[in-house]
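**Student:** Contents of coords.cif (mmCIF, C-alpha atoms (C1' of nucleotides)) are below:
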data_start
#
loop_
_atom_site.group_PDB
_atom_site.id
_atom_site.type_symbol
_atom_site.label_atom_id
_atom_site.label_comp_id
_atom_site.auth_asym_id
_atom_site.auth_seq_id
_atom_site.Cartn_x
_atom_site.Cartn_y
_atom_site.Cartn_z
ATOM 1 C CA MET A 1 94.363 105.276 57.772
ATOM 2 C CA LYS A 2 95.551 106.880 54.580
ATOM 3 C CA SER A 3 94.565 104.906 51.534
ATOM 4 C CA LYS A 4 97.520 103.549 49.694
ATOM 5 C CA ALA A 5 95.862 101.578 46.910
ATOM 6 C CA SER A 6 98.226 98.722 47.623
ATOM 7 C CA ALA A 7 97.482 95.112 46.883
ATOM 8 C CA SER A 8 97.386 94.065 50.514
ATOM 9 C CA THR A 9 94.435 94.169 52.839
ATOM 10 C CA ALA A 10 93.876 96.559 55.672
ATOM 11 C CA ALA A 11 97.010 95.158 57.234
ATOM 12 C CA ASP A 12 99.392 97.999 56.423
ATOM 13 C CA GLY A 13 97.882 100.808 58.344
ATOM 14 C CA CYS A 14 96.810 98.911 61.398
ATOM 15 C CA LEU A 15 100.106 97.244 62.078
ATOM 16 C CA THR A 16 102.297 100.103 63.028
ATOM 17 C CA ASP A 17 99.490 101.860 64.790
ATOM 18 C CA ALA A 18 99.866 99.240 67.477
ATOM 19 C CA ILE A 19 103.533 99.987 67.890
ATOM 20 C CA LYS A 20 103.199 103.732 67.662
ATOM 21 C CA ALA A 21 100.271 103.908 70.017
ATOM 22 C CA TYR A 22 102.273 101.955 72.507
ATOM 23 C CA ARG A 23 105.354 104.061 71.991
ATOM 24 C CA ASP A 24 103.298 107.171 72.695
ATOM 25 C CA THR A 25 102.219 105.873 76.074
ATOM 26 C CA GLY A 26 105.762 106.245 77.289
ATOM 27 C CA ALA A 27 105.548 102.751 78.715
ATOM 28 C CA PRO A 28 108.751 100.744 78.653
ATOM 29 C CA LEU A 29 109.222 99.180 75.265
ATOM 30 C CA GLU A 30 109.824 95.829 76.867
ATOM 31 C CA GLN A 31 106.180 95.608 77.851
ATOM 32 C CA CYS A 32 104.877 96.180 74.354
ATOM 33 C CA PRO A 33 102.332 93.418 73.738
ATOM 34 C CA VAL A 34 103.779 92.632 70.362
ATOM 35 C CA ARG A 35 107.270 92.192 71.713
ATOM 36 C CA ASP A 36 106.067 90.252 74.699
ATOM 37 C CA VAL A 37 104.038 87.761 72.715
ATOM 38 C CA LEU A 38 106.619 87.428 69.985
ATOM 39 C CA ASP A 39 109.293 86.728 72.545
ATOM 40 C CA GLN A 40 107.296 83.839 73.845
ATOM 41 C CA ILE A 41 106.157 82.203 70.632
ATOM 42 C CA GLY A 42 109.384 83.106 68.906
ATOM 43 C CA ASP A 43 111.498 80.697 70.881
ATOM 44 C CA LYS A 44 112.703 77.476 69.412
ATOM 45 C CA TRP A 45 109.953 75.108 70.504
ATOM 46 C CA SER A 46 106.805 76.912 71.696
ATOM 47 C CA THR A 47 105.039 77.108 68.378
ATOM 48 C CA LEU A 48 105.901 73.559 67.466
ATOM 49 C CA LEU A 49 104.464 72.283 70.743
ATOM 50 C CA MET A 50 101.369 74.423 70.347
ATOM 51 C CA LEU A 51 100.809 72.921 66.909
ATOM 52 C CA THR A 52 101.339 69.429 68.194
ATOM 53 C CA LEU A 53 98.861 70.011 71.000
ATOM 54 C CA ALA A 54 96.445 71.524 68.495
ATOM 55 C CA GLU A 55 96.008 68.063 67.068
ATOM 56 C CA ARG A 56 95.071 66.497 70.398
ATOM 57 C CA ALA A 57 96.093 66.396 74.036
ATOM 58 C CA HIS A 58 99.434 64.708 74.582
ATOM 59 C CA ARG A 59 101.251 63.115 77.440
ATOM 60 C CA PHE A 60 104.866 64.012 78.107
ATOM 61 C CA GLY A 61 106.265 61.024 76.308
ATOM 62 C CA ASP A 62 103.886 61.500 73.406
ATOM 63 C CA LEU A 63 105.259 64.969 72.912
ATOM 64 C CA ARG A 64 108.815 63.704 72.906
ATOM 65 C CA ARG A 65 107.950 61.239 70.175
ATOM 66 C CA ALA A 66 105.958 63.820 68.234
ATOM 67 C CA VAL A 67 108.875 66.267 68.293
ATOM 68 C CA PRO A 68 111.818 63.923 68.077
ATOM 69 C CA ASP A 69 114.602 66.472 68.241
ATOM 70 C CA ILE A 70 113.639 68.257 71.419
ATOM 71 C CA SER A 71 115.576 67.542 74.584
ATOM 72 C CA GLN A 72 113.498 66.702 77.610
ATOM 73 C CA ARG A 73 114.961 69.652 79.389
ATOM 74 C CA MET A 74 113.577 72.046 76.791
ATOM 75 C CA LEU A 75 110.341 70.116 76.601
ATOM 76 C CA THR A 76 109.796 70.508 80.325
ATOM 77 C CA GLN A 77 110.805 74.138 80.327
ATOM 78 C CA THR A 78 108.801 75.164 77.272
ATOM 79 C CA LEU A 79 105.718 73.395 78.569
ATOM 80 C CA ARG A 80 106.059 75.183 81.877
ATOM 81 C CA ASP A 81 106.383 78.538 80.179
ATOM 82 C CA LEU A 82 103.337 77.895 78.033
ATOM 83 C CA GLN A 83 101.390 76.835 81.087
ATOM 84 C CA ARG A 84 102.635 79.898 82.921
ATOM 85 C CA ASP A 85 101.181 82.102 80.204
ATOM 86 C CA GLY A 86 97.877 80.276 80.305
ATOM 87 C CA LEU A 87 98.192 78.769 76.853
ATOM 88 C CA ILE A 88 98.200 75.129 77.880
ATOM 89 C CA SER A 89 96.948 73.170 80.883
ATOM 90 C CA ARG A 90 98.785 70.444 82.744
ATOM 91 C CA THR A 91 96.810 67.628 84.344
ATOM 92 C CA VAL A 92 98.448 65.025 86.556
ATOM 93 C CA HIS A 93 96.676 61.690 86.781
ATOM 94 C CA PRO A 94 97.732 60.029 90.036
ATOM 95 C CA THR A 95 98.274 56.649 88.484
ATOM 96 C CA VAL A 96 101.376 54.576 88.827
ATOM 97 C CA PRO A 97 103.478 55.172 86.915
ATOM 98 C CA PRO A 98 102.355 58.804 86.777
ATOM 99 C CA SER A 99 100.661 60.200 83.712
ATOM 100 C CA VAL A 100 100.588 63.887 82.832
ATOM 101 C CA GLU A 101 98.384 65.268 80.143
ATOM 102 C CA TYR A 102 98.971 68.559 78.358
ATOM 103 C CA LYS A 103 96.305 70.270 76.322
ATOM 104 C CA LEU A 104 95.536 73.697 74.944
ATOM 105 C CA THR A 105 93.463 76.051 77.017
ATOM 106 C CA THR A 106 90.805 78.213 75.423
ATOM 107 C CA LEU A 107 93.365 80.999 75.249
ATOM 108 C CA GLY A 108 95.828 78.640 73.621
ATOM 109 C CA GLN A 109 93.266 77.542 71.059
ATOM 110 C CA SER A 110 92.524 81.145 70.210
ATOM 111 C CA LEU A 111 96.182 81.579 69.325
ATOM 112 C CA LEU A 112 95.888 78.845 66.722
ATOM 113 C CA GLU A 113 93.905 80.995 64.388
ATOM 114 C CA PRO A 114 96.503 83.735 63.848
ATOM 115 C CA LEU A 115 99.162 81.040 63.809
ATOM 116 C CA ALA A 116 97.341 79.256 61.022
ATOM 117 C CA HIS A 117 97.654 82.313 58.818
ATOM 118 C CA LEU A 118 101.350 82.474 59.475
ATOM 119 C CA ILE A 119 101.801 78.817 58.673
ATOM 120 C CA ARG A 120 99.883 79.021 55.470
ATOM 121 C CA TRP A 121 102.065 81.943 54.483
ATOM 122 C CA ALA A 122 105.166 79.979 55.388
ATOM 123 C CA GLU A 123 104.138 77.032 53.263
ATOM 124 C CA ALA A 124 103.116 79.212 50.353
ATOM 125 C CA ASN A 125 106.236 81.355 50.350
ATOM 126 C CA HIS A 126 108.933 79.086 51.627
ATOM 127 C CA ALA A 127 110.098 78.295 48.140
ATOM 128 C CA ALA A 128 110.415 81.991 47.297
ATOM 129 C CA ILE A 129 112.455 82.591 50.430
ATOM 130 C CA ARG A 130 114.782 79.729 49.719
ATOM 131 C CA THR A 131 115.232 80.941 46.187
ATOM 132 C CA ALA A 132 116.054 84.459 47.339
ATOM 133 C CA ARG A 133 118.420 83.063 49.953
ATOM 134 C CA ALA A 134 120.265 80.944 47.424
ATOM 135 C CA ALA A 135 120.627 83.848 45.019
ATOM 136 C CA PHE A 136 122.034 86.140 47.690
ATOM 137 C CA PRO A 137 125.804 86.690 47.533
ATOM 138 C CA ALA A 138 127.860 85.536 50.487
ATOM 139 C CA MET B 139 89.676 66.538 58.231
ATOM 140 C CA LYS B 140 87.682 65.077 61.050
ATOM 141 C CA SER B 141 85.040 67.371 62.456
ATOM 142 C CA LYS B 142 85.656 68.256 66.034
ATOM 143 C CA ALA B 143 82.784 70.652 66.738
ATOM 144 C CA SER B 144 85.218 72.947 68.494
ATOM 145 C CA ALA B 145 84.721 76.656 68.860
ATOM 146 C CA SER B 146 87.652 77.615 66.689
ATOM 147 C CA THR B 147 87.685 77.982 62.959
ATOM 148 C CA ALA B 148 89.090 75.514 60.496
ATOM 149 C CA ALA B 149 92.453 76.216 62.061
ATOM 150 C CA ASP B 150 92.778 73.077 64.145
ATOM 151 C CA GLY B 151 92.830 70.468 61.492
ATOM 152 C CA CYS B 152 94.911 72.288 58.958
ATOM 153 C CA LEU B 153 97.710 73.255 61.280
ATOM 154 C CA THR B 154 99.252 69.994 62.151
ATOM 155 C CA ASP B 155 98.647 68.614 58.722
ATOM 156 C CA ALA B 156 101.454 70.859 57.598
ATOM 157 C CA ILE B 157 103.820 69.442 60.144
ATOM 158 C CA LYS B 158 102.750 65.853 59.710
ATOM 159 C CA ALA B 159 102.804 65.976 55.954
ATOM 160 C CA TYR B 160 106.302 67.288 56.142
ATOM 161 C CA ARG B 161 107.367 64.712 58.664
ATOM 162 C CA ASP B 162 106.095 61.993 56.372
ATOM 163 C CA THR B 163 108.327 63.096 53.541
ATOM 164 C CA GLY B 164 111.311 62.003 55.532
ATOM 165 C CA ALA B 165 112.967 65.318 54.802
ATOM 166 C CA PRO B 166 115.171 66.729 57.515
ATOM 167 C CA LEU B 167 113.099 68.478 60.136
ATOM 168 C CA GLU B 168 115.363 71.480 59.902
ATOM 169 C CA GLN B 169 113.980 72.302 56.469
ATOM 170 C CA CYS B 170 110.374 72.319 57.584
ATOM 171 C CA PRO B 171 108.900 75.560 56.223
ATOM 172 C CA VAL B 172 107.249 76.372 59.508
ATOM 173 C CA ARG B 173 110.458 76.028 61.444
ATOM 174 C CA ASP B 174 112.442 77.884 58.865
ATOM 175 C CA VAL B 175 110.149 80.881 58.705
ATOM 176 C CA LEU B 176 109.622 80.977 62.430
ATOM 177 C CA ASP B 177 113.331 80.948 63.005
ATOM 178 C CA GLN B 178 113.666 84.036 60.892
ATOM 179 C CA ILE B 179 110.782 86.126 62.147
ATOM 180 C CA GLY B 180 111.217 84.796 65.643
ATOM 181 C CA ASP B 181 114.454 86.585 66.292
ATOM 182 C CA LYS B 182 114.609 89.645 68.437
ATOM 183 C CA TRP B 183 114.270 92.390 65.830
ATOM 184 C CA SER B 184 113.000 91.091 62.463
ATOM 185 C CA THR B 185 109.319 91.522 63.117
ATOM 186 C CA LEU B 186 109.764 94.914 64.680
ATOM 187 C CA LEU B 187 111.692 96.142 61.660
ATOM 188 C CA MET B 188 109.157 94.654 59.286
ATOM 189 C CA LEU B 189 106.409 96.517 61.092
ATOM 190 C CA THR B 190 108.351 99.731 61.042
ATOM 191 C CA LEU B 191 108.971 99.373 57.322
ATOM 192 C CA ALA B 192 105.290 98.564 56.835
ATOM 193 C CA GLU B 193 104.548 102.160 57.692
ATOM 194 C CA ARG B 194 106.871 103.570 55.042
ATOM 195 C CA ALA B 195 110.338 103.155 53.599
ATOM 196 C CA HIS B 196 113.060 104.140 56.051
ATOM 197 C CA ARG B 197 116.674 105.125 55.853
ATOM 198 C CA PHE B 198 119.191 103.508 58.148
ATOM 199 C CA GLY B 199 119.187 106.338 60.646
ATOM 200 C CA ASP B 200 115.401 106.563 60.540
ATOM 201 C CA LEU B 201 115.196 102.963 61.598
ATOM 202 C CA ARG B 202 117.563 103.552 64.485
ATOM 203 C CA ARG B 203 115.358 106.356 65.719
ATOM 204 C CA ALA B 204 112.176 104.372 65.155
ATOM 205 C CA VAL B 205 113.512 101.422 67.154
ATOM 206 C CA PRO B 206 115.532 103.190 69.819
ATOM 207 C CA ASP B 207 116.857 100.175 71.651
ATOM 208 C CA ILE B 208 118.441 98.322 68.763
ATOM 209 C CA SER B 209 122.199 98.380 68.402
ATOM 210 C CA GLN B 210 123.536 99.328 65.003
ATOM 211 C CA ARG B 211 125.195 95.983 64.776
ATOM 212 C CA MET B 212 121.893 94.153 65.068
ATOM 213 C CA LEU B 213 120.175 96.670 62.828
ATOM 214 C CA THR B 214 122.699 96.053 60.070
ATOM 215 C CA GLN B 215 122.637 92.320 60.539
ATOM 216 C CA THR B 216 118.869 91.953 60.750
ATOM 217 C CA LEU B 217 118.362 94.134 57.703
ATOM 218 C CA ARG B 218 120.833 92.033 55.763
ATOM 219 C CA ASP B 219 119.078 88.823 56.769
ATOM 220 C CA LEU B 220 115.700 90.206 55.770
ATOM 221 C CA GLN B 221 117.121 91.323 52.456
ATOM 222 C CA ARG B 222 118.731 87.946 52.022
ATOM 223 C CA ASP B 223 115.343 86.281 52.365
ATOM 224 C CA GLY B 224 113.793 88.680 49.870
ATOM 225 C CA LEU B 225 111.552 90.400 52.398
ATOM 226 C CA ILE B 226 113.030 93.873 52.099
ATOM 227 C CA SER B 227 114.968 95.746 49.440
ATOM 228 C CA ARG B 228 118.020 97.933 49.948
ATOM 229 C CA THR B 229 118.583 100.892 47.654
ATOM 230 C CA VAL B 230 121.764 102.955 47.822
ATOM 231 C CA HIS B 231 121.476 106.526 46.582
ATOM 232 C CA PRO B 232 124.939 107.678 45.515
ATOM 233 C CA THR B 233 124.684 111.020 47.230
ATOM 234 C CA VAL B 234 127.186 112.452 49.651
ATOM 235 C CA PRO B 235 126.819 111.688 52.423
ATOM 236 C CA PRO B 236 125.393 108.345 51.304
ATOM 237 C CA SER B 237 121.744 107.533 51.743
ATOM 238 C CA VAL B 238 120.333 104.017 51.891
ATOM 239 C CA GLU B 239 116.667 103.292 51.701
ATOM 240 C CA TYR B 240 115.046 100.124 52.986
ATOM 241 C CA LYS B 241 111.558 99.106 52.004
ATOM 242 C CA LEU B 242 109.400 96.018 51.946
ATOM 243 C CA THR B 243 109.357 93.890 48.847
ATOM 244 C CA THR B 244 106.131 92.409 47.546
ATOM 245 C CA LEU B 245 107.004 89.244 49.396
ATOM 246 C CA GLY B 246 107.626 91.242 52.539
ATOM 247 C CA GLN B 247 104.314 93.006 52.206
ATOM 248 C CA SER B 248 102.554 89.704 51.842
ATOM 249 C CA LEU B 249 103.949 88.702 55.203
ATOM 250 C CA LEU B 250 102.234 91.655 56.824
ATOM 251 C CA GLU B 251 98.838 90.114 56.514
ATOM 252 C CA PRO B 252 99.459 87.008 58.641
ATOM 253 C CA LEU B 253 101.503 89.169 60.979
ATOM 254 C CA ALA B 254 98.565 91.505 61.431
ATOM 255 C CA HIS B 255 96.447 88.643 62.744
ATOM 256 C CA LEU B 256 99.126 87.753 65.223
ATOM 257 C CA ILE B 257 99.439 91.326 66.411
ATOM 258 C CA ARG B 258 95.747 91.773 66.857
ATOM 259 C CA TRP B 259 95.733 88.594 68.899
ATOM 260 C CA ALA B 260 98.642 89.857 70.950
ATOM 261 C CA GLU B 261 96.907 93.114 71.725
ATOM 262 C CA ALA B 262 93.632 91.435 72.517
ATOM 263 C CA ASN B 263 95.095 88.758 74.765
ATOM 264 C CA HIS B 264 98.111 90.372 76.285
ATOM 265 C CA ALA B 265 96.220 91.250 79.429
ATOM 266 C CA ALA B 266 95.073 87.659 79.859
ATOM 267 C CA ILE B 267 98.616 86.417 79.473
ATOM 268 C CA ARG B 268 99.979 88.864 81.991
ATOM 269 C CA THR B 269 97.265 87.905 84.411
ATOM 270 C CA ALA B 270 98.002 84.218 84.024
ATOM 271 C CA ARG B 271 101.692 84.916 84.388
ATOM 272 C CA ALA B 272 101.214 86.881 87.581
ATOM 273 C CA ALA B 273 99.028 84.166 89.083
ATOM 274 C CA PHE B 274 101.547 81.453 88.334
ATOM 275 C CA PRO B 275 103.598 80.242 91.302
ATOM 276 C CA ALA B 276 107.333 80.720 91.159
ATOM 277 C "C1'" DC C 277 106.832 57.785 83.460
ATOM 278 C "C1'" DG C 278 107.762 62.525 84.126
ATOM 279 C "C1'" DG C 279 110.503 65.172 85.433
ATOM 280 C "C1'" DG C 280 114.760 67.902 88.394
ATOM 281 C "C1'" DA C 281 119.785 69.156 88.828
ATOM 282 C "C1'" DT C 282 124.081 69.922 86.890
ATOM 283 C "C1'" DC C 283 127.702 70.768 83.369
ATOM 284 C "C1'" DC C 284 128.988 72.993 79.449
ATOM 285 C "C1'" DC C 285 129.132 75.204 75.061
ATOM 286 C "C1'" DT C 286 127.386 77.777 71.186
ATOM 287 C "C1'" DG C 287 125.850 81.911 69.189
ATOM 288 C "C1'" DC C 288 122.965 85.910 69.978
ATOM 289 C "C1'" DC C 289 123.462 90.266 71.027
ATOM 290 C "C1'" DG C 290 125.300 94.695 73.188
ATOM 291 C "C1'" DA C 291 129.219 98.073 73.618
ATOM 292 C "C1'" DT C 292 132.754 100.267 71.667
ATOM 293 C "C1'" DA C 293 135.965 101.834 68.213
ATOM 294 C "C1'" DC C 294 137.137 102.604 63.411
ATOM 295 C "C1'" DT C 295 136.210 103.535 57.990
ATOM 296 C "C1'" DG C 296 134.524 105.471 53.182
ATOM 297 C "C1'" DC D 297 125.483 108.674 57.086
ATOM 298 C "C1'" DA D 298 125.907 104.010 56.883
ATOM 299 C "C1'" DG D 299 128.104 100.865 57.819
ATOM 300 C "C1'" DT D 300 132.497 97.090 59.359
ATOM 301 C "C1'" DA D 301 135.482 94.930 62.989
ATOM 302 C "C1'" DT D 302 136.463 93.125 67.393
ATOM 303 C "C1'" DC D 303 135.687 91.839 72.067
ATOM 304 C "C1'" DG D 304 133.063 89.814 75.564
ATOM 305 C "C1'" DG D 305 128.707 88.522 78.558
ATOM 306 C "C1'" DC D 306 125.293 85.647 79.178
ATOM 307 C "C1'" DA D 307 121.196 83.239 78.159
ATOM 308 C "C1'" DG D 308 119.314 79.445 75.217
ATOM 309 C "C1'" DG D 309 119.647 75.081 74.795
ATOM 310 C "C1'" DG D 310 121.872 70.107 74.484
ATOM 311 C "C1'" DA D 311 123.805 65.941 77.117
ATOM 312 C "C1'" DT D 312 123.941 63.380 80.966
ATOM 313 C "C1'" DC D 313 122.781 61.653 85.436
ATOM 314 C "C1'" DC D 314 119.507 61.152 89.193
ATOM 315 C "C1'" DC D 315 114.975 60.778 91.641
ATOM 316 C "C1'" DG D 316 109.730 59.633 93.274
#
Using structure tokens, write down the structure that the file contains.

**Tutor:**
Amino acid sequence: MKSKASASTAADGCLTDAIKAYRDTGAPLEQCPVRDVLDQIGDKWSTLLMLTLAERAHRFGDLRRAVPDISQRMLTQTLRDLQRDGLISRTVHPTVPPSVEYKLTTLGQSLLEPLAHLIRWAEANHAAIRTARAAFPA
Amino acid sequence: MKSKASASTAADGCLTDAIKAYRDTGAPLEQCPVRDVLDQIGDKWSTLLMLTLAERAHRFGDLRRAVPDISQRMLTQTLRDLQRDGLISRTVHPTVPPSVEYKLTTLGQSLLEPLAHLIRWAEANHAAIRTARAAFPA
DNA sequence: CGGGATCCCTGCCGATACTG
DNA sequence: CAGTATCGGCAGGGATCCCG
């Protein structure tokens, strides 16, 4: 990595290496890990549910109450997608009425750490973004 | 923060605090910093362009070549949105033919650091995700 | 309680053509 | 070269109803 004497950490150089290295493989761009992961966590609800489950395991109804503005269709679907990718586990307790518990898997918990950085950045810089946005001409 | 003796870092506790603290303010959920930022970087091209610009400043055509599968409509639009949020700068050189240079702002560069964590996670765990995905019943 | 099935609409995004 | 303008598909996602 060429030194750039910038204020940031080692982030600069490493970032695009990932993309370029992948591009050089000739593999279809759609399978790029960065794109694949970002597609998943970039949807409307995944991250929010991950954060909610980071707190503690939740039942279906708990999640609805924790994220009031999600439709149960999207709740079901997002949970299934997260489970499909191995980020959360789904446990059915054969009680009556049924009870289903969702919790993060080890893989899902490992995602929390990079997410935490992003969230801290969001909180720290949200004001700056909103300011820039307001100052921008229509 | 209650100790949980989990394997992860201090991530767990801090994460949801952000959401909950915001929820408690009674402010509209739509203005939650986490949601707002995620909405922006979660779209199809923003992150990819940020990463490309992390390498070096690019002209419009350079970006098209660097990200081959983006339409010029989305390139224009995504660049404008990123500029609007103060993440990149747009400099027009009054040459003929015109030349426009895009580069990260300081704010944009600061976003690279949390993004780098996410990308490293994506690279490290992409295989696990694909495995889980393949093993999941239709 | 925890979903599945269906209807429908918005807006994201691609393709194409045109301009300074 | 660096855009703008317009059209159109279709997938993301909400609302509602139904079921074990």

**Student:** Residues of chain C no more than 12 Å from chain B, counting all atoms listed in the file: send them over as number ranges by chain.

**Tutor:** C: 288-292, 296

**Student:** Separation of atom CA of A:Pro137 and atom CA of B:Val230, in Å?

**Tutor:**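 Taking atom CA of A:Pro137 and atom CA of B:Val230, their separation equals 16.8 Å.
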
**Student:** Selection in question (the file shown): the PyMOL selection byres ((chain B) within 7 of (chain A)). Which residues does it include, as a PyMOL selection string?

**Tutor:** chain B and resi 146+149-151+153-154+171-172+175-176+180-181+189-190+192-193+222-224+248+250-257+260-261+264+267+270-271+274

**Student:** Would you mind reading off the distance between atom C1' of D:DG310 and atom CA of A:Leu75, one decimal, in Å?

**Tutor:** 11.7 Å

**Student:** What's the separation between atom C1' of D:DG305 and atom CA of B:Gln215, in Å to one decimal place?

**Tutor:** 19.4 Å

**Student:** Calculated over all atoms listed in the file, which of the candidates B:Phe198, B:Arg218, B:Arg203, B:Ile226 has the smallest distance to D:DC297?

**Tutor:**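 Ranked by minimum distance to D:DC297, first place goes to B:Phe198.
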
**Student:** Carefully work through the PyMOL selection byres ((chain D and resi 300) around 10) for this structure and note down the residues it includes, as a PyMOL selection string.

**Tutor:** (chain B and resi 211+214) or (chain C and resi 294-295) or (chain D and resi 298-299+301-302)

**Student:** Which residues of chain D have any atom within 12 Å of an atom in chain A when counting only C-alpha atoms (C1' of nucleotides), and what is the closest pair of atoms for each, with the distance in Å to one decimal? Order the rows by chain and rising number and write it as a Markdown table.

**Tutor:**
| residue | atom | partner | partner_atom | distance |
| --- | --- | --- | --- | --- |
| D:DG308 | C1' | A:Lys44 | CA | 9.0 |
| D:DG309 | C1' | A:Met74 | CA | 7.1 |
| D:DG310 | C1' | A:Ser71 | CA | 6.8 |
| D:DA311 | C1' | A:Ser71 | CA | 8.8 |
| D:DT312 | C1' | A:Arg73 | CA | 11.1 |
| D:DG316 | C1' | A:Pro98 | CA | 9.9 |

**Student:** Mind rebuilding stretch 187-193 of chain B with all heavy atoms and writing that out as a tab-separated table (two decimals), in the frame of the given file?

**Tutor:**
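Below you can see selection_29.tsv, which holds the result:
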chain	number	residue	atom	x	y	z
B	187	LEU	N	111.25	95.37	62.82
B	187	LEU	CA	111.69	96.14	61.66
B	187	LEU	C	110.70	96.03	60.51
B	187	LEU	O	110.42	97.01	59.82
B	187	LEU	CB	113.09	95.67	61.22
B	187	LEU	CG	114.21	96.01	62.21
B	187	LEU	CD1	115.55	95.48	61.70
B	187	LEU	CD2	114.29	97.51	62.43
B	188	MET	N	110.17	94.84	60.32
B	188	MET	CA	109.16	94.65	59.29
B	188	MET	C	107.97	95.59	59.54
B	188	MET	O	107.47	96.23	58.62
B	188	MET	CB	108.66	93.20	59.28
B	188	MET	CG	109.68	92.19	58.81
B	188	MET	SD	109.99	92.26	57.04
B	188	MET	CE	108.38	91.79	56.38
B	189	LEU	N	107.55	95.67	60.76
B	189	LEU	CA	106.41	96.52	61.09
B	189	LEU	C	106.74	97.99	60.89
B	189	LEU	O	105.90	98.77	60.44
B	189	LEU	CB	105.98	96.27	62.54
B	189	LEU	CG	105.46	94.87	62.83
B	189	LEU	CD1	105.04	94.75	64.29
B	189	LEU	CD2	104.28	94.56	61.92
B	190	THR	N	107.95	98.34	61.24
B	190	THR	CA	108.35	99.73	61.04
B	190	THR	C	108.40	100.08	59.56
B	190	THR	O	107.96	101.15	59.14
B	190	THR	CB	109.73	99.98	61.68
B	190	THR	OG1	109.69	99.58	63.04
B	190	THR	CG2	110.11	101.44	61.59
B	191	LEU	N	108.91	99.15	58.77
B	191	LEU	CA	108.97	99.37	57.32
B	191	LEU	C	107.59	99.26	56.68
B	191	LEU	O	107.39	99.72	55.55
B	191	LEU	CB	109.94	98.38	56.68
B	191	LEU	CG	111.41	98.62	57.02
B	191	LEU	CD1	112.29	97.53	56.43
B	191	LEU	CD2	111.86	99.99	56.53
B	192	ALA	N	106.65	98.66	57.37
B	192	ALA	CA	105.29	98.56	56.84
B	192	ALA	C	104.67	99.95	56.74
B	192	ALA	O	103.90	100.25	55.83
B	192	ALA	CB	104.43	97.67	57.72
B	193	GLU	N	105.08	100.79	57.66
B	193	GLU	CA	104.55	102.16	57.69
B	193	GLU	C	104.99	102.92	56.45
B	193	GLU	O	104.20	103.54	55.75
B	193	GLU	CB	105.06	102.82	58.96
B	193	GLU	CG	104.50	104.20	59.23
B	193	GLU	CD	105.17	104.81	60.45
B	193	GLU	OE1	106.05	104.15	61.06
B	193	GLU	OE2	104.84	105.95	60.78
